[in-house]
>>> print(open('target-v8.cif').read())   # mmCIF, C-alpha atoms and all ligand atoms
data_protein
loop_
_atom_site.label_atom_id
_atom_site.label_comp_id
_atom_site.auth_asym_id
_atom_site.auth_seq_id
_atom_site.Cartn_x
_atom_site.Cartn_y
_atom_site.Cartn_z
CA MET A 754 87.84 -91.43 -27.47
CA MET A 755 87.74 -87.90 -26.06
CA ASN A 756 85.68 -85.47 -28.10
CA ARG A 757 88.50 -82.91 -28.24
CA ASP A 758 90.60 -85.47 -30.08
CA VAL A 759 88.21 -85.97 -32.97
CA VAL A 760 87.32 -82.29 -33.36
CA ALA A 761 90.68 -81.80 -35.12
CA LEU A 762 89.42 -84.12 -37.88
CA ASP A 763 86.68 -81.63 -38.84
CA ASP A 764 89.29 -79.10 -40.06
CA PRO A 765 92.26 -81.30 -40.91
CA VAL A 766 93.94 -78.74 -43.23
CA GLY A 767 93.67 -75.76 -40.86
CA GLU A 768 94.70 -77.86 -37.86
CA SER A 769 97.76 -79.12 -39.76
CA LEU A 770 98.80 -75.68 -41.06
CA ARG A 771 98.47 -74.10 -37.60
CA GLY A 772 100.09 -77.10 -35.91
CA PRO A 773 102.62 -79.72 -37.04
CA HIS A 774 102.86 -78.27 -40.59
CA ALA A 775 103.35 -74.61 -39.55
CA HIS A 776 106.85 -74.72 -41.08
CA LEU A 777 105.29 -75.53 -44.49
CA ALA A 778 102.57 -72.83 -44.30
CA ARG A 779 101.99 -69.46 -45.92
CA ARG A 780 99.54 -67.33 -43.95
CA LEU A 781 97.58 -64.10 -44.30
CA GLY A 782 95.15 -63.00 -41.59
CA ARG A 783 93.16 -66.07 -40.59
CA THR A 784 93.83 -67.86 -43.89
CA ALA A 785 96.63 -70.27 -44.72
CA THR A 786 97.88 -72.57 -47.44
CA TYR A 787 100.89 -74.78 -48.09
CA LEU A 788 104.14 -73.68 -49.74
CA PRO A 789 104.13 -74.06 -53.54
CA GLY A 790 104.88 -77.62 -54.60
CA VAL A 791 103.92 -79.10 -51.21
CA ALA A 792 100.11 -79.02 -51.47
CA THR A 793 97.37 -76.71 -52.77
CA PHE A 794 95.05 -77.14 -49.77
CA ALA A 795 93.86 -73.88 -48.21
CA ALA A 796 92.33 -73.11 -44.82
CA VAL A 797 89.87 -70.48 -43.63
CA SER A 798 88.07 -70.07 -40.30
CA ALA A 799 84.80 -71.88 -39.58
CA ASP A 800 82.60 -69.02 -40.83
CA PRO A 801 84.73 -66.75 -43.07
CA ASP A 802 83.48 -63.22 -43.88
CA PRO A 803 84.18 -61.42 -47.21
CA ALA A 804 87.38 -59.83 -45.83
CA GLU A 805 88.72 -63.27 -44.99
CA TRP A 806 87.96 -64.60 -48.49
CA ALA A 807 89.75 -61.50 -49.85
CA ASP A 808 92.77 -62.40 -47.72
CA LEU A 809 92.78 -65.93 -49.12
CA ALA A 810 92.51 -64.58 -52.69
CA ARG A 811 95.49 -62.31 -52.02
CA LEU A 812 97.46 -65.16 -50.44
CA LEU A 813 96.85 -67.50 -53.40
CA GLY A 814 96.99 -64.93 -56.21
CA ARG A 815 94.58 -64.15 -59.08
CA GLY A 816 93.02 -67.02 -61.03
CA GLU A 817 94.66 -69.65 -58.82
CA LEU A 818 93.20 -72.90 -57.50
CA ALA A 819 91.69 -72.57 -54.03
CA ASP A 820 91.54 -76.22 -52.97
CA MET A 821 89.31 -76.02 -49.90
CA PHE A 822 89.65 -79.78 -49.21
CA SER A 823 86.62 -80.79 -47.08
CA HIS A 824 85.86 -77.31 -45.65
CA PRO A 825 82.10 -76.66 -46.05
CA ALA A 826 82.28 -72.84 -46.42
CA ILE A 827 81.33 -71.55 -49.88
CA PRO A 828 83.32 -68.54 -51.17
CA PRO A 829 81.79 -65.40 -52.78
CA SER A 830 80.01 -65.86 -56.12
CA ASP A 831 82.91 -64.51 -58.20
CA TRP A 832 84.99 -67.55 -57.18
CA GLU A 833 84.47 -70.06 -60.00
CA PRO A 834 83.75 -73.66 -58.89
CA VAL A 835 86.43 -76.01 -60.30
CA PHE A 836 85.57 -79.39 -58.79
CA VAL A 837 83.26 -81.15 -56.35
CA LEU A 838 84.07 -84.67 -55.19
CA GLU A 839 82.13 -86.76 -52.68
CA GLY A 840 84.37 -88.55 -50.24
CA ARG A 841 84.61 -90.46 -47.01
CA GLN A 842 86.82 -89.83 -44.00
CA MET A 843 87.97 -93.08 -42.39
CA ILE A 844 89.73 -93.51 -39.05
CA TRP A 845 91.73 -96.20 -37.32
CA PRO A 846 89.67 -97.35 -34.33
CA GLY A 847 91.59 -97.11 -31.07
CA SER A 848 95.31 -97.39 -30.45
CA GLY A 849 95.91 -100.99 -31.49
CA ARG A 850 98.40 -102.07 -34.11
CA PRO A 851 97.22 -103.64 -37.37
CA ASP A 852 96.58 -107.39 -37.23
CA HIS A 853 96.59 -107.83 -41.01
CA PRO A 854 98.94 -110.69 -42.00
CA HIS A 855 101.13 -108.23 -43.92
CA ALA A 856 101.40 -105.72 -41.08
CA GLU A 857 104.68 -106.77 -39.56
CA THR A 858 106.44 -107.90 -42.73
CA GLY A 859 108.46 -104.86 -43.57
CA THR A 860 110.36 -106.85 -46.20
CA GLY A 861 110.91 -104.85 -49.33
CA VAL A 862 109.37 -101.68 -47.88
CA VAL A 863 111.71 -98.70 -48.31
CA GLU A 864 111.54 -95.05 -47.30
CA LEU A 865 111.22 -92.69 -50.25
CA GLY A 866 112.98 -89.32 -50.07
CA ALA A 867 113.76 -86.41 -52.39
CA ASP A 868 115.81 -88.68 -54.69
CA SER A 869 112.68 -90.76 -55.43
CA VAL A 870 110.44 -87.83 -56.41
CA PRO A 871 110.58 -88.46 -60.20
CA GLU A 872 109.57 -92.13 -59.68
CA MET A 873 106.82 -91.14 -57.23
CA LEU A 874 105.42 -88.57 -59.68
CA ASP A 875 105.52 -91.18 -62.45
CA LEU A 876 103.66 -93.77 -60.36
CA VAL A 877 101.07 -91.16 -59.33
CA ALA A 878 100.55 -90.17 -62.98
CA ARG A 879 99.86 -93.83 -63.83
CA THR A 880 97.55 -94.61 -60.90
CA GLN A 881 95.83 -91.29 -59.97
CA PRO A 882 95.58 -91.79 -56.18
CA GLY A 883 94.93 -88.06 -55.62
CA PRO A 884 96.96 -84.86 -55.64
CA PHE A 885 100.73 -85.24 -55.30
CA TRP A 886 103.43 -82.65 -56.08
CA PRO A 887 107.25 -82.56 -56.05
CA ARG A 888 107.42 -81.47 -52.36
CA THR A 889 104.41 -83.43 -51.02
CA HIS A 890 106.77 -86.01 -49.53
CA GLU A 891 107.99 -83.33 -47.08
CA LEU A 892 104.62 -83.61 -45.27
CA GLY A 893 105.65 -86.92 -43.69
CA THR A 894 107.17 -90.33 -44.30
CA TYR A 895 106.58 -91.95 -47.71
CA LEU A 896 107.13 -95.67 -48.11
CA GLY A 897 107.48 -97.69 -51.32
CA ILE A 898 107.96 -101.17 -52.73
CA ARG A 899 110.29 -101.80 -55.68
CA ASP A 900 110.18 -104.71 -58.12
CA ASN A 901 113.53 -105.23 -59.87
CA GLY A 902 114.41 -101.64 -59.00
CA THR A 903 111.18 -100.11 -60.34
CA LEU A 904 108.84 -98.40 -57.88
CA VAL A 905 105.53 -100.32 -58.10
CA ALA A 906 103.68 -99.19 -54.96
CA MET A 907 103.76 -96.34 -52.47
CA ALA A 908 101.85 -94.71 -49.61
CA GLY A 909 102.69 -91.89 -47.25
CA GLU A 910 101.75 -89.46 -44.51
CA ARG A 911 99.96 -86.23 -45.43
CA LEU A 912 97.79 -84.08 -43.13
CA ARG A 913 98.80 -83.87 -39.46
CA PRO A 914 96.00 -82.44 -37.30
CA PRO A 915 97.29 -82.73 -33.71
CA GLY A 916 97.07 -86.33 -32.49
CA TRP A 917 96.43 -87.74 -35.98
CA THR A 918 98.29 -88.54 -39.19
CA GLU A 919 96.56 -88.98 -42.54
CA ILE A 920 97.67 -91.85 -44.80
CA SER A 921 97.56 -90.77 -48.43
CA ALA A 922 98.89 -91.36 -51.96
CA VAL A 923 98.16 -95.10 -51.64
CA CYS A 924 98.79 -96.57 -55.07
CA THR A 925 100.04 -99.70 -56.82
CA ALA A 926 101.05 -99.92 -60.48
CA PRO A 927 98.35 -101.80 -62.46
CA GLU A 928 100.70 -104.71 -63.26
CA ALA A 929 101.59 -105.18 -59.57
CA ARG A 930 98.09 -105.15 -58.04
CA GLY A 931 96.54 -107.90 -55.92
CA ARG A 932 99.84 -108.91 -54.32
CA GLY A 933 99.24 -107.19 -50.99
CA HIS A 934 101.54 -104.22 -51.68
CA ALA A 935 99.00 -101.57 -50.65
CA ALA A 936 97.98 -103.60 -47.60
CA ARG A 937 101.62 -103.96 -46.55
CA LEU A 938 102.40 -100.24 -47.01
CA VAL A 939 99.25 -98.98 -45.26
CA SER A 940 99.80 -101.42 -42.40
CA ALA A 941 103.43 -100.31 -42.06
CA LEU A 942 102.31 -96.67 -41.85
CA VAL A 943 99.58 -97.52 -39.33
CA ALA A 944 102.17 -99.26 -37.15
CA ARG A 945 104.50 -96.23 -37.33
CA ILE A 946 101.74 -93.75 -36.53
CA VAL A 947 100.30 -95.78 -33.64
CA SER A 948 103.78 -96.27 -32.18
CA ARG A 949 104.16 -92.51 -31.73
CA ASN A 950 100.78 -92.39 -29.94
CA GLU A 951 98.93 -90.82 -32.83
CA ARG A 952 95.97 -92.24 -34.72
CA PRO A 953 95.79 -92.86 -38.47
CA PHE A 954 93.01 -91.52 -40.66
CA MET A 955 92.42 -91.29 -44.40
CA HIS A 956 90.20 -89.82 -47.09
CA VAL A 957 88.85 -91.73 -50.04
CA ALA A 958 86.46 -90.91 -52.88
CA GLU A 959 83.04 -92.49 -52.27
CA ALA A 960 83.21 -93.99 -55.78
CA ASN A 961 86.53 -95.76 -55.05
CA LEU A 962 84.92 -98.98 -53.85
CA GLY A 963 88.08 -101.06 -54.24
CA ALA A 964 90.10 -98.75 -51.99
CA ILE A 965 87.26 -98.54 -49.42
CA ALA A 966 87.06 -102.35 -49.33
CA LEU A 967 90.82 -102.54 -48.82
CA TYR A 968 90.84 -99.98 -45.97
CA GLU A 969 87.87 -101.68 -44.27
CA ARG A 970 89.59 -105.02 -44.53
CA LEU A 971 92.67 -103.50 -42.88
CA GLY A 972 90.50 -102.21 -40.01
CA PHE A 973 89.61 -98.61 -40.90
CA GLU A 974 86.08 -97.40 -40.15
CA ALA A 975 84.04 -94.64 -41.76
CA ARG A 976 83.84 -91.51 -39.58
CA LYS A 977 81.89 -89.20 -41.85
CA HIS A 978 80.96 -88.22 -45.36
CA VAL A 979 82.89 -85.23 -46.75
CA THR A 980 82.64 -83.11 -49.89
CA PHE A 981 85.88 -81.91 -51.46
CA ARG A 982 85.59 -78.56 -53.27
CA GLY A 983 87.93 -76.48 -55.36
CA PHE A 984 87.42 -72.94 -56.70
CA ARG A 985 89.33 -70.49 -58.85
CA THR A 986 90.17 -67.19 -57.17
CA PRO A 987 88.79 -64.06 -58.92
C1 LIG B 1001 93.63 -99.42 -54.30
C2 LIG B 1001 95.02 -99.97 -54.68
C3 LIG B 1001 96.06 -99.08 -54.01
C4 LIG B 1001 95.12 -101.41 -54.15
O1 LIG B 1001 96.47 -101.83 -54.37
P1 LIG B 1001 96.92 -103.37 -54.28
O2 LIG B 1001 98.37 -103.35 -54.01
O3 LIG B 1001 96.43 -104.10 -55.45
O4 LIG B 1001 96.09 -103.86 -53.00
P2 LIG B 1001 96.43 -105.18 -52.17
O5 LIG B 1001 96.96 -106.22 -53.09
O6 LIG B 1001 97.24 -104.80 -51.00
O7 LIG B 1001 94.99 -105.58 -51.66
C5 LIG B 1001 94.81 -105.67 -50.27
C6 LIG B 1001 93.48 -106.28 -49.98
O8 LIG B 1001 92.42 -105.56 -50.56
C7 LIG B 1001 91.67 -106.41 -51.39
N1 LIG B 1001 91.32 -105.62 -52.54
C8 LIG B 1001 92.16 -104.97 -53.37
N2 LIG B 1001 91.48 -104.37 -54.34
C9 LIG B 1001 90.18 -104.67 -54.15
C10 LIG B 1001 88.98 -104.39 -54.83
N3 LIG B 1001 88.99 -103.66 -55.97
N4 LIG B 1001 87.81 -104.81 -54.31
C11 LIG B 1001 87.79 -105.56 -53.17
N5 LIG B 1001 88.90 -105.88 -52.49
C12 LIG B 1001 90.07 -105.45 -52.97
C13 LIG B 1001 92.57 -107.55 -51.75
O9 LIG B 1001 91.82 -108.73 -51.99
C14 LIG B 1001 93.41 -107.69 -50.51
O10 LIG B 1001 92.79 -108.41 -49.47
P3 LIG B 1001 93.67 -109.42 -48.55
O11 LIG B 1001 94.98 -108.75 -48.29
O12 LIG B 1001 92.83 -109.59 -47.32
O13 LIG B 1001 93.82 -110.65 -49.38
C15 LIG B 1001 95.24 -99.99 -56.21
O14 LIG B 1001 94.13 -100.62 -56.82
C16 LIG B 1001 95.43 -98.62 -56.85
O15 LIG B 1001 96.56 -98.12 -56.97
N6 LIG B 1001 94.34 -97.96 -57.27
C17 LIG B 1001 94.43 -96.65 -57.94
C18 LIG B 1001 94.83 -95.55 -56.96
C19 LIG B 1001 93.85 -95.40 -55.82
O16 LIG B 1001 92.64 -95.35 -56.02
N7 LIG B 1001 94.37 -95.29 -54.59
C20 LIG B 1001 93.59 -95.11 -53.41
C21 LIG B 1001 93.38 -93.65 -53.15
S1 LIG B 1001 92.47 -93.37 -51.63
#
>>> encode(input="target-v8.cif", output="structure tokens", more="lines below")
Ligand SMILES: CC(C)(COP(=O)(O)OP(=O)(O)OC[C@H]1O[C@@H](n2cnc3c(N)ncnc32)[C@H](O)[C@@H]1OP(=O)(O)O)[C@@H](O)C(=O)NCCC(=O)NCCS
Amino acid sequence: MMNRDVVALDDPVGESLRGPHAHLARRLGRTATYLPGVATFAAVSADPDPAEWADLARLLGRGELADMFSHPAIPPSDWEPVFVLEGRQMIWPGSGRPDHPHAETGTGVVELGADSVPEMLDLVARTQPGPFWPRTHELGTYLGIRDNGTLVAMAGERLRPPGWTEISAVCTAPEARGRGHAARLVSALVARIVSRNERPFMHVAEANLGAIALYERLGFEARKHVTFRGFRTP
């Protein structure tokens, strides 16, 4: 793999907001964030100075969440820390398609659009896969599996640093787990992403051993440890 390809994965939010997600971005100076309801992730340059942090504070508003995702820069001391979460970035090795037994069985997998947002929000509330808002589905393709009409599993595309697509919001309702739903959905997304000559990646909390085991079994490999941080603007 060429080095320039993986460099985008060190600033996945900024690379997405300046690139494939520019149409969903709000920007001020060198800072950027997503439109309200799409995502709270914010981007700054590699080594932001106080003026740049002031720009981000103005862009987000007073007392608002500055979700810095995995960016290592620490804001000025009057920004109150809100959360710290240790995580792992995982990547799909190479350009091959998934060879998991579920990979090519698209049976029962449906695309979820704006009409499905209430069901998606409900499933997320029950399973807590990570942040998801009413317009998050506009970041990419979201796929789901229904059981007797009820949405029981979903997964979708989130960050889009050039050349890559992040798979996110992987979740299965507790009563529908262990049936291969998550494996089938992630594999279907991998196949879609690889077929447009991009590579899949994901982020997972280090403590989420079940999800890490699932992604490793599907073929994902750890690329690096990351720390997710959120702050409140002054
Ligand atoms: C993680 C989660 C999505 C798995 O959903 P699921 O539909 O039950 O997963 P699957 O049935 O597709 O499991 C796929 C494979 O992973 C394995 N697996 C699933 N959970 C596992 C666990 N806790 N430990 C080890 N292996 C596990 C299964 O044995 C299966 O292997 P196989 O296909 O080779 O037989 C589900 O537990 C969940 O919604 N968790 C809460 C939300 C969450 O943490 N999402 C991930 C955010 S990054």
>>> closest_residue(input="target-v8.cif", among="A:Gly790, A:Pro803, A:Gly816, A:Pro887", to="Thr986 (chain A)", atoms="all atoms listed in the file")
A:Gly816
>>> atom_distance(input="target-v8.cif", atom1="CA of Arg913 (chain A)", atom2="CA of Met873 (chain A)")
20.8 Å
>>> closest_residue(input="target-v8.cif", among="A:Pro987, A:Pro914, A:Gly909, A:Gly847", to="ligand LIG 1001 (chain B)", atoms="all atoms listed in the file")
A:Gly909
>>> residues_near_ligand(input="target-v8.cif", ligand="ligand LIG 1001 (chain B)", cutoff="7 Å", atoms="only C-alpha atoms and all ligand atoms", output="PDB file with C-alpha atoms, keeping the file's coordinate frame")
ATOM      1  CA  THR A 880      97.550 -94.610 -60.900  1.00  0.00           C
ATOM      2  CA  GLN A 881      95.830 -91.290 -59.970  1.00  0.00           C
ATOM      3  CA  PRO A 882      95.580 -91.790 -56.180  1.00  0.00           C
ATOM      4  CA  GLY A 883      94.930 -88.060 -55.620  1.00  0.00           C
ATOM      5  CA  ALA A 906     103.680 -99.190 -54.960  1.00  0.00           C
ATOM      6  CA  SER A 921      97.560 -90.770 -48.430  1.00  0.00           C
ATOM      7  CA  ALA A 922      98.890 -91.360 -51.960  1.00  0.00           C
ATOM      8  CA  VAL A 923      98.160 -95.100 -51.640  1.00  0.00           C
ATOM      9  CA  CYS A 924      98.790 -96.570 -55.070  1.00  0.00           C
ATOM     10  CA  THR A 925     100.040 -99.700 -56.820  1.00  0.00           C
ATOM     11  CA  ALA A 926     101.050 -99.920 -60.480  1.00  0.00           C
ATOM     12  CA  PRO A 927      98.350-101.800 -62.460  1.00  0.00           C
ATOM     13  CA  ALA A 929     101.590-105.180 -59.570  1.00  0.00           C
ATOM     14  CA  ARG A 930      98.090-105.150 -58.040  1.00  0.00           C
ATOM     15  CA  GLY A 931      96.540-107.900 -55.920  1.00  0.00           C
ATOM     16  CA  ARG A 932      99.840-108.910 -54.320  1.00  0.00           C
ATOM     17  CA  GLY A 933      99.240-107.190 -50.990  1.00  0.00           C
ATOM     18  CA  HIS A 934     101.540-104.220 -51.680  1.00  0.00           C
ATOM     19  CA  ALA A 935      99.000-101.570 -50.650  1.00  0.00           C
ATOM     20  CA  ALA A 936      97.980-103.600 -47.600  1.00  0.00           C
ATOM     21  CA  ARG A 937     101.620-103.960 -46.550  1.00  0.00           C
ATOM     22  CA  HIS A 956      90.200 -89.820 -47.090  1.00  0.00           C
ATOM     23  CA  VAL A 957      88.850 -91.730 -50.040  1.00  0.00           C
ATOM     24  CA  ALA A 958      86.460 -90.910 -52.880  1.00  0.00           C
ATOM     25  CA  ASN A 961      86.530 -95.760 -55.050  1.00  0.00           C
ATOM     26  CA  LEU A 962      84.920 -98.980 -53.850  1.00  0.00           C
ATOM     27  CA  GLY A 963      88.080-101.060 -54.240  1.00  0.00           C
ATOM     28  CA  ALA A 964      90.100 -98.750 -51.990  1.00  0.00           C
ATOM     29  CA  ALA A 966      87.060-102.350 -49.330  1.00  0.00           C
ATOM     30  CA  LEU A 967      90.820-102.540 -48.820  1.00  0.00           C
ATOM     31  CA  ARG A 970      89.590-105.020 -44.530  1.00  0.00           C
TER      32      ARG A 970
END
>>> closest_residue(input="target-v8.cif", among="A:Thr918, A:Glu833, A:Gly861, A:Ser798", to="Asn901 (chain A)", atoms="all atoms listed in the file")
A:Gly861
>>> atom_distance(input="target-v8.cif", atom1="CA of Arg982 (chain A)", atom2="CA of Leu876 (chain A)")
24.7 Å
>>> atom_distance(input="target-v8.cif", atom1="CA of Leu781 (chain A)", atom2="CA of Asp820 (chain A)")
16.1 Å
>>> residues_around(input="target-v8.cif", residues="Glu951 (chain A)", least_positions_apart="5", cutoff="9 Å", atoms="all atoms listed in the file", output="PDB file with C-alpha atoms, in the frame of the given file")
ATOM      1  CA  SER A 848      95.310 -97.390 -30.450  1.00  0.00           C
ATOM      2  CA  PRO A 915      97.290 -82.730 -33.710  1.00  0.00           C
ATOM      3  CA  GLY A 916      97.070 -86.330 -32.490  1.00  0.00           C
ATOM      4  CA  TRP A 917      96.430 -87.740 -35.980  1.00  0.00           C
ATOM      5  CA  THR A 918      98.290 -88.540 -39.190  1.00  0.00           C
ATOM      6  CA  ARG A 945     104.500 -96.230 -37.330  1.00  0.00           C
ATOM      7  CA  ILE A 946     101.740 -93.750 -36.530  1.00  0.00           C
TER       8      ILE A 946
END
>>> closest_residue(input="target-v8.cif", among="A:Val862, A:Met821, A:Val947, A:Ala941", to="Asp900 (chain A)", atoms="all atoms listed in the file")
A:Val862
>>> residues_around(input="target-v8.cif", residues="His890 (chain A)", least_positions_apart="4", cutoff="9 Å", atoms="only C-alpha atoms", output="JSON, numbers by chain")
{"A": [791, 865, 866, 867, 870, 885, 886, 894, 895, 909, 910, 911]}
>>> residues_around(input="target-v8.cif", residues="region 783-788 of chain A", least_positions_apart="3", cutoff="9 Å", atoms="only C-alpha atoms", output="list in words")
Val766, Gly767, Leu770, Arg771, His774, Ala775, Leu777, Ala778, Arg779, Arg780, Val791, Ala792, Thr793, Phe794, Ala795, Ala796, Val797, Ser798, Pro801, Glu805, Trp806, Asp808, Leu809, Leu812, Leu813 and Arg888 of chain A
>>> decode(input="target-v8.cif", residues="region 811-837 of chain A", atoms="C-alpha atoms", output="PDB file, in the first residue's frame")
ATOM      1  CA  ARG A 811     -17.157  30.471  16.933  1.00  0.00           C
ATOM      2  CA  LEU A 812     -18.133  27.855  14.341  1.00  0.00           C
ATOM      3  CA  LEU A 813     -19.667  25.527  16.960  1.00  0.00           C
ATOM      4  CA  GLY A 814     -21.134  28.164  19.294  1.00  0.00           C
ATOM      5  CA  ARG A 815     -20.805  28.702  23.069  1.00  0.00           C
ATOM      6  CA  GLY A 816     -21.047  25.711  25.399  1.00  0.00           C
ATOM      7  CA  GLU A 817     -21.363  23.256  22.511  1.00  0.00           C
ATOM      8  CA  LEU A 818     -19.807  19.815  22.117  1.00  0.00           C
ATOM      9  CA  ALA A 819     -16.507  19.860  20.224  1.00  0.00           C
ATOM     10  CA  ASP A 820     -16.201  16.197  19.251  1.00  0.00           C
ATOM     11  CA  MET A 821     -12.584  16.028  18.092  1.00  0.00           C
ATOM     12  CA  PHE A 822     -12.891  12.332  17.123  1.00  0.00           C
ATOM     13  CA  SER A 823      -9.334  10.888  17.134  1.00  0.00           C
ATOM     14  CA  HIS A 824      -7.473  14.205  16.623  1.00  0.00           C
ATOM     15  CA  PRO A 825      -4.627  14.376  19.180  1.00  0.00           C
ATOM     16  CA  ALA A 826      -4.533  18.201  19.591  1.00  0.00           C
ATOM     17  CA  ILE A 827      -5.667  19.445  23.011  1.00  0.00           C
ATOM     18  CA  PRO A 828      -7.666  22.711  23.053  1.00  0.00           C
ATOM     19  CA  PRO A 829      -7.016  25.665  25.430  1.00  0.00           C
ATOM     20  CA  SER A 830      -7.614  25.066  29.143  1.00  0.00           C
ATOM     21  CA  ASP A 831     -11.004  26.833  29.187  1.00  0.00           C
ATOM     22  CA  TRP A 832     -12.425  24.058  26.983  1.00  0.00           C
ATOM     23  CA  GLU A 833     -13.970  21.570  29.419  1.00  0.00           C
ATOM     24  CA  PRO A 834     -13.161  17.882  28.750  1.00  0.00           C
ATOM     25  CA  VAL A 835     -16.407  15.927  28.181  1.00  0.00           C
ATOM     26  CA  PHE A 836     -15.230  12.428  27.285  1.00  0.00           C
ATOM     27  CA  VAL A 837     -12.155  10.331  26.572  1.00  0.00           C
TER      28      VAL A 837
END
